[in-house]
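K.L.:
If you scroll down you'll find the structure; I have some questions about it.
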Amino acid sequence: MRVLYFAWVRDRVGTGEETVEPPQDVATVADLMAWLAGRGPGHAAAFADPGRVRCALDQDYATADAPLGTAREVAFFPPVTGG
Amino acid sequence: MRVLYFAWVRDRVGTGEETVEPPQDVATVADLMAWLAGRGPGHAAAFADPGRVRCALDQDYATADAPLGTAREVAFFPPVTGG
Amino acid sequence: MIRVQAEPFDPGAEIAAFTDTSGRVGAVATFLGLVRDHQGAPGEDPARVQARIQTMTLEHYPGMTERQLRTLEDEARARWPALADVLVIHRHGRMAPGEPIVLVCAASAHRAAALDACAFLIDWLKTRAPFWKREDTAEGGRWVEARDSDDAAAARWTRPESD
Amino acid sequence: MIRVQAEPFDPGAEIAAFTDTSGRVGAVATFLGLVRDHQGAPGEDPARVQARIQTMTLEHYPGMTERQLRTLEDEARARWPALADVLVIHRHGRMAPGEPIVLVCAASAHRAAALDACAFLIDWLKTRAPFWKREDTAEGGRWVEARDSDDAAAARWTRPESD
């Protein structure tokens, strides 16, 4: 699974992209955030307050309770501030 | 009193401007329209349906029941269609 | 600022000149009205009208027009104190289809004031500014009828606390 | 049409090119967003921020950005079938105060569809398009916080019958 990070989420994680293989019991977006948070201090800082982090599964917005399903590209980022 | 006409009101009256001296009992915009309608067939056609004619007294919109007061410039025209 | 003129204007150039690039303004909303080739009477077949219309003539009430547009600008600035700048250009005289008739621009730091003031200005202008459109066709002129939808659009800006 | 680009664009020239002068279109509404020199944190003194900001950097999510903007255009065309044309240009990368960030244009025969679609597009873009602003100052970068007012502005377009 390809995971992308943007803005301050990327700054904290320390990379913009990584490939991970979470265990079977990581079934939802919230599960994945909790599991990623355990990968190191940068990840832990990025997901310290999961309510501030938004997610997209294969480039569509997904809520924390959404199942990961067959998503191949998962992205985490702050609420958007364009325009 | 200077009276101005615009758009199809002017077309019907046959002139864009005239100076009139209505009698004392012509006190409101509606009175003036009724009095002007008696000046000839063009005027009569212009004011045949007074509800379709709008008025301005000294360049501010005025309703049919508005007193003419000391207005020096009175204008009659259809509902506006600019923009 | 208010401008009433017979001369054509270049909308792109006017918007560029209006846009304050000092960093103070974050939002510019504009509305441009153009002469259509198919004004016509309500319900009339657009194709039939299109075949007919040659030019559009805008008559106005010199003096009152400028006065009403200035009142409009003052009202917009009073309603949206965050407005940094306002521009209204309105033409009169004869115009061909596709030519610009009216341009409204509103600028502010954030977008809400600019967008709302721009819509307010064109809605109110449509029912307050003393202009009258005449379609010039091969068979002669025809005065365009006012639309009820314009009154409805202007009415949504009426606040109980003002008029 | 949707364009996502790093290069600057000329708003006046873009609006002029967008404007269909065939006589078919009677109304063009546009919104231009510019880099302000005083973004800052909520409640922060604008003068203090202004002294600090040098440039603004917009990061985005390549691929998802285009996808979301296309969805946005489709949604606007579905809501306002009278729309004749739509254009959204959004930049990414580093920009100086006063430079254009985003341009939204909407055209229709009558003004209501153009004005409403233009406001809808910028409101939804603000909460849906994956862009993130960073202020670059002498002391380093600072990510701009999302504003609750943007969510509120987007929410007014939510219809019970759709999402």
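Every chain in the structure tokens has a letter given in the order shown (A, B, ...), and although residue numbers restart at 1 in each chain, ligands are simply numbered from 1 in the order shown.
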Taking only C-alpha atoms into account, which residues of chain C are within 8 Å of chain D, as an NGL selection string?
P.N.:
:C and (11-16 or 20-38 or 97-99 or 109 or 111 or 115 or 119)
K.L.:
Would you please extract all alpha helix (DSSP H) residues from chain D, as assigned by DSSP on the backbone, and give them as JSON, numbers by chain?
P.N.:
{"D": [11, 12, 13, 14, 15, 16, 17, 18, 46, 47, 48, 49, 50, 51, 52, 64, 65, 66, 67, 68, 69, 70, 71, 72, 73, 74, 75, 76, 77, 78, 79, 111, 112, 113, 114, 115, 116, 117, 118, 119, 120, 121, 122, 123, 124, 125, 126, 127, 128, 148, 149, 150, 151, 152, 153, 154, 155]}
K.L.:
Which of these residues is nearest to Met1 in chain B, using only C-alpha atoms: B:Val20, B:Leu36, B:Val53, B:Ala30?
P.N.:
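Residue with the minimum atom-to-atom distance to Met1 in chain B: B:Val20.
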K.L.:
I'd like the contact shell of Val3 in chain B - 10 Å cut-off, only C-alpha atoms, skipping same-chain residues fewer than 2 positions apart - returned as a list in words.
P.N.:
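The residues satisfying every condition are Met1, Tyr5, Gly16, Glu17, Glu18, Thr19, Val20, Leu36, Ala56, Leu57, Arg72, Glu73, Val74, Ala75 and Phe76 of chain B.
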K.L.:
Enumerate, in order of chain and increasing residue number, the residues of chain C with an atom no farther than 9 Å from chain B, each with its shortest atom pair and distance in Å to one decimal, counting only C-alpha atoms, as a tab-separated table.
P.N.:
```
residue	atom	partner	partner_atom	distance
C:Gly33	CA	B:Gly83	CA	6.5
C:Leu34	CA	B:Gly83	CA	8.8
C:Leu58	CA	B:Gly82	CA	7.5
C:Glu59	CA	B:Ala7	CA	7.0
C:His60	CA	B:Phe6	CA	7.7
C:Tyr61	CA	B:Phe6	CA	7.6
C:Gly63	CA	B:Gln59	CA	7.5
C:Met64	CA	B:Gln59	CA	5.0
C:Thr65	CA	B:Gln59	CA	8.5
C:Arg67	CA	B:Gln59	CA	7.7
C:Gln68	CA	B:Asp60	CA	8.0
C:His90	CA	B:Gly83	CA	7.4
C:Ile101	CA	B:Gly83	CA	6.8
C:Val102	CA	B:Gly83	CA	5.8
C:Leu103	CA	B:Gly83	CA	8.6
C:Ile122	CA	B:Gly83	CA	6.9
C:Asp123	CA	B:Gly83	CA	8.6
C:Leu125	CA	B:Gly83	CA	6.5
C:Lys126	CA	B:Gly83	CA	5.2
C:Thr127	CA	B:Val80	CA	6.1
C:Arg128	CA	B:Val80	CA	7.0
C:Ala129	CA	B:Gly82	CA	6.7
C:Pro130	CA	B:Val80	CA	5.5
C:Phe131	CA	B:Gly82	CA	4.5
C:Trp132	CA	B:Thr81	CA	4.8
C:Lys133	CA	B:Thr81	CA	5.9
C:Arg134	CA	B:Ala7	CA	8.2
C:Arg142	CA	B:Trp8	CA	8.9
C:Trp143	CA	B:Trp8	CA	6.9
C:Val144	CA	B:Thr81	CA	6.9
C:Glu145	CA	B:Thr81	CA	7.0
C:Ala146	CA	B:Thr81	CA	5.4
C:Arg147	CA	B:Thr81	CA	8.0
```
K.L.:
How many Å lie between CA of Leu69 in chain D and CA of Glu135 in chain D, rounded to one decimal?
P.N.:
23.7 Å
K.L.:
Determine which residues of chain D DSSP labels as strand (DSSP E) from the backbone of this structure, then write them out as an NGL selection string.
P.N.:
:D and (2-5 or 27-34 or 53-60 or 83-91 or 93-95 or 100-108 or 131-137 or 140-143)
K.L.:
Between CA of Gly93 in chain D and CA of Asp136 in chain D, what is the distance in Å, rounded to a tenth?
P.N.:
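Value for the CA of Gly93 in chain D-CA of Asp136 in chain D distance: 11.7 Å.
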K.L.:
Do you know which residues are at most 7 Å from Val13 in chain B counting only C-alpha atoms, after dropping those on the same chain fewer than 6 positions away, and could you put them as a list of chain:residue names?
P.N.:
B:Gly42, B:His43, B:Ala46
K.L.:
Between CA of Pro50 in chain B and CA of Trp157 in chain C, measure the distance and give it in Å to one decimal.
P.N.:
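Answer for the CA of Pro50 in chain B to CA of Trp157 in chain C separation: 27.3 Å.
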K.L.:
Near Pro81 in chain D, within 12 Å and counting only C-alpha atoms, which residues show up once chain neighbours fewer than 2 positions away are dropped, as a count of residues only?
P.N.:
20
